[in-house]
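Q: Have a look at this one.
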Amino acid sequence: MATCEHCGTAFTPRDAGERYCCRGCDYVAGMIREQGFGRYYELKDDATGTPVRSRPFEDHDFAWLAPAMAAAEQGEGVAQLDCAVEGISCVGCVWLIERLFERHDGAVRAAANPASGRLHLEWRPGSCDLAGFAKELAGFGYVVAPATGREASPERRQLAGRMGLCGAFALNAMGFSLPGYLGMPADFEFAGLFRLIAFASATLAMLAGGGYFIARAWRALKSGALHIDLPIALGLVAAYAGSIAGWAAGEEKLMYFDFVATFVFLMLLGRYVQTAAVEKNRLRLVRRSPLPESVNAGDGRVAVAALAPGMKFDLEPGKALPVAACLADGVAEVSLEWIHGEADPVTLGPGARMPAGAILLGRQPVSVTADESWADSLISKLTADTAGDRGSPVFQRLLKGYLAVVIAVGIAVMAGWSWSGDWRTGLQAMISVFVVSCPCALGVAVPLADEWAASRLSRAGAFVRRASLWPRLRRVRKVVFDKTGTLTLERPELVNPGAVESLGEDAALALARLTRGSLHPVSRSLLEALGSRGQRLLGAQGPIAVEEIPGTGVRGQAEDGEWFLGKGAGGTELRHGDQVVATFSFRDSLRPGAAEAIRGLERRGLSIHILSGDDPQKVARLARALELDDGQASGGLNPEEKAERVKALDRQDTLYLGDGANDSLAFDAAFVTGTPVVDRSLLESKADFYALGSGLAYLPEALAAADARAQGVRRAFTFAIAYNLVVIVLSAGGHMSPILAAVLMPLSSVISILLVASGSRTPVVEISKQGTYGRDAGPATGPSRNEPSEQAI
């Protein structure tokens with residue numbers, strides 16, 4: 001394994017001198033060096049960013065900026081705009097974005113936030129070219145988009161507000177309870193006032209923070225489920241109610257007001273850490289699904305949900321057809337990869353039927369006639385998220401047993417003391433049992449363990465979307481792959497990159513002009529292969545008008561004559577007039593490190609399966625390249641058949657990895673789901689995790705991170721069991737005073753956090769091409785047993 005010198009992501013190099021995980025990182029790193037922004041790397045330090053991939057080479061739609069600017073400039077003074085930004089990950093990104101904005105006329109201030117994925121811009125009205133800034137920013141790998149719907153979630157904002165209030169209430173409660181612990185006489189002049197302030201602080205903490213856990217626990221109970229918030233709510237209610245009873249009866253040993261306020265704050269802190277980490281990954285992407293929300297039909301836009309049979313509308317370039325339709329006129333080149341897994345573009349003529357989910361690859365819209373309504377469309381069924389966030393069944397069983405034991409012990413202690421005639425001590429003992437057995441380790445330490453594991457996974461280029469991923473990942477025994485875009489690269493690989501590198505300046509400029517803005521996978525691969533040279537030539541000479549010939553190629557008239565890029569006798573040809581200037585060869589290729597990752601998964605005892613909609617012969621060749629048995633790979637499957645196969649395999653132990661709409665039903669059937677984010681992605685919004693890198697190194701790293709997290713959590717739980725046994729014995733004996741509970745609760749949380757940290761950061765053995773190596777070992781060298789990523793499949 002190597003580490004990308006730009007983004008820091010771990011990747012599998014194809015040769016010993018490869019320094020970057022993708023052409024995008026290579027291009028941006030060159031831009032940073034050439035323009036004197038080297039301080040970016042000093043500020044970034046060891047932080048891991050997101051791979052740049054193809055963002056600098058794509059044409060991005062910034063048409064939304066003009067009306068947004070006009071609205072922002074309506075008022076007086078400095079204009080302001082908030083937008084989302086993809087690609088930002090660290091303080092180095094913040095510094096670079098701000099420096100880039102400062103170079104533009106009229107710029108006042110830019111403030112970027114990696115945590116929220118937001119960018120705030122201020123400029124002098126009428127004197128700043130925001131569209132030019134957005135295009136320049138895209139050249140450095142950052143893509144801005146409307147901020148609508150990307151604000152922090154209501155739950156996260158609510159948690160932040162509750163946590164701030166409860167922190168203040170906890171300080172108040174502790175401050176005014178401390179004099180009593182230090183021996184303040186009961187008849188002291190301000191003793192009653194101090195107690196009143198502690199009570200008020202605890203009450204406000206219960207209202208502001210305790211209500212959050214109590215309401216969630218109650219909703220779970222009403223739906224017939226148990227939730228981690230239930231024991232938290234039980235301890236809080238017991239401590240608060242007992243404190244009021246103790247205050248009324250004059251029983252000091254029943255008053256836990258300071259404990260209540262402090263515990264609410266700590267539980268909110270743990271929940272906020274967990275929520276913020278997951279939401280940050282959800283906000284990391286600004287790309288939109290190729291499925292349009294509305295289409296152009298006659299005189300105006302029509303919502304996709306309103307489409308009906310016989311309605312004529314336009315399918316725009318790069319968009320997915322929402323319903324099955326007939327091509328009204330002309331010729332169209334479409335990709336069926338999203339729905340069938342077929343990687344090769346298909347050319348359709350007038351009257352041809354286009355399946356829902358077909359993506360138009362041409363540069364001009366085509367007119368189609370709907371054959372069905374949106375409600376009847378296969379895509380409407382595939383894009384529905386029916387799986388939700390799956391919890392861990394093991395955790396549910398543990399929680400049920402834990403609650404039963406705590407409640408039984410508490411009631412038994414109360415009954416025992418009452419039987420002996422001392423119900424006051426019995427009540428205090430029962431409350432103490434409920435209070436001190438609250439799951440601090442679950443509430444604080446485990447969210448931090450999740451964050452550490454997610455940070456480790458992010459260094460491999462993958463990001464967690466659901467907090468329940470980690471315990472479920474430990475149960476995985478079967479890994480099911482889609483083929484196209486998941487095991488293989490989403491675009492064909494250029495076999496002879498030297499043909500691009502050897503082009504003269506005129507030919508390189510012509511190739512850049514012909515491929516710029518194209519959605520065809522071959523054109524996109526060629527534009528990336530041109531890299532910084534192509535972008536430099538386009539910037540200096542500008543684009544030209546090009547004509548797309550569906551199924552054949554693209555041509556354009558330049559200053560020195562006509563150029564053509566398209567099919568030829570020897571492959572994809574670049575022609576100047578009648579002269580063939582260069583021939584390019586392509587092949588489908590496995591993702592880097594795919595064979596290595598699969599061997600590593602097999603060594604863990606996992607079974608590997610491939611379910612694809614692609615041609616069965618292609619799938620069989622892929623299986624042979626990966627040294628899998630014929631029975632482990634199936635092709636020609638429709639979405640329903642994929643889902644049925646997953647259901648037959650699943651025993652709450654399957655991990656499914658796919659990238660297209662045809663994988664959506666299989667996603668719903670699988671226990672754990674992941675997706676590599678590709679050019680026209682859909683499933684990152686419903687996956688448990690997603691990957692941005694080009695390889696599969698994130699898979700063994702995800703399992704290793706889950707193992708390390710589990711090791712840390714086991715240590716914390718071992719301590720929690722020992723701690724609970726000791727404090728429950730003390731509580732049952734009536735020896736647990738409020739001050740002792742107030743000291744032990746945060747102390748136990750700190751110890752749990754340290755134990756989780758020591759386990760989560762334990763190096764886990766990884767798989768390399770030469771066998772195994774530790775975290776600190778150098779990269780493996782030498783050829784592997786089999787390198788199918790270098791073979792045509």
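Simple scheme: letters A, B, ... for chains in structure tokens order, numbers from 1 for residues in each chain, numbers from 1 for ligands in the order shown.
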Counting only C-alpha atoms, what are the residues of region 392-496 of chain A within 12 Å of region 529-552 of chain A, and for each of them which pair of atoms is the nearest and at what distance in Å, to one decimal? Sort the table by chain and rising number, as JSON lines.
A:
{"residue": "A:Pro492", "atom": "CA", "partner": "A:Ala529", "partner_atom": "CA", "distance": 11.8}
{"residue": "A:Glu493", "atom": "CA", "partner": "A:Ala529", "partner_atom": "CA", "distance": 9.9}
{"residue": "A:Leu494", "atom": "CA", "partner": "A:Ala529", "partner_atom": "CA", "distance": 8.1}
{"residue": "A:Val495", "atom": "CA", "partner": "A:Ala529", "partner_atom": "CA", "distance": 10.9}
{"residue": "A:Asn496", "atom": "CA", "partner": "A:Ala529", "partner_atom": "CA", "distance": 10.2}
Q: Run DSSP on the backbone of this structure and report the residues of region 226-354 of chain A it assigns to strand (DSSP E), as a ChimeraX atom specification.
A: /A:294-297,300-303,312-315,325-327,332-335,346-348,353-354
Q: Determine the nearest neighbour of Ala704 (chain A) from the options A:Ala453, A:Ala716, A:Ala306, A:Val346, counting only C-alpha atoms.
A: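 The closest residue to Ala704 (chain A) is A:Ala453.
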Q: From the options A:Ile411, A:Ala134, A:Leu307, A:Ala597, which residue's atoms come nearest to Leu427 (chain A), counting only C-alpha atoms?
A: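 Of A:Ile411, A:Ala134, A:Leu307, A:Ala597, the one nearest Leu427 (chain A), counting only C-alpha atoms, is A:Ile411.
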Q: Any chance you could list, as a PyMOL selection string, the residues in region 520-639 of chain A that come up helix (DSSP H, G or I) when DSSP is run on the backbone?
A: chain A and resi 521-541+594-603+616-625+630-632+639
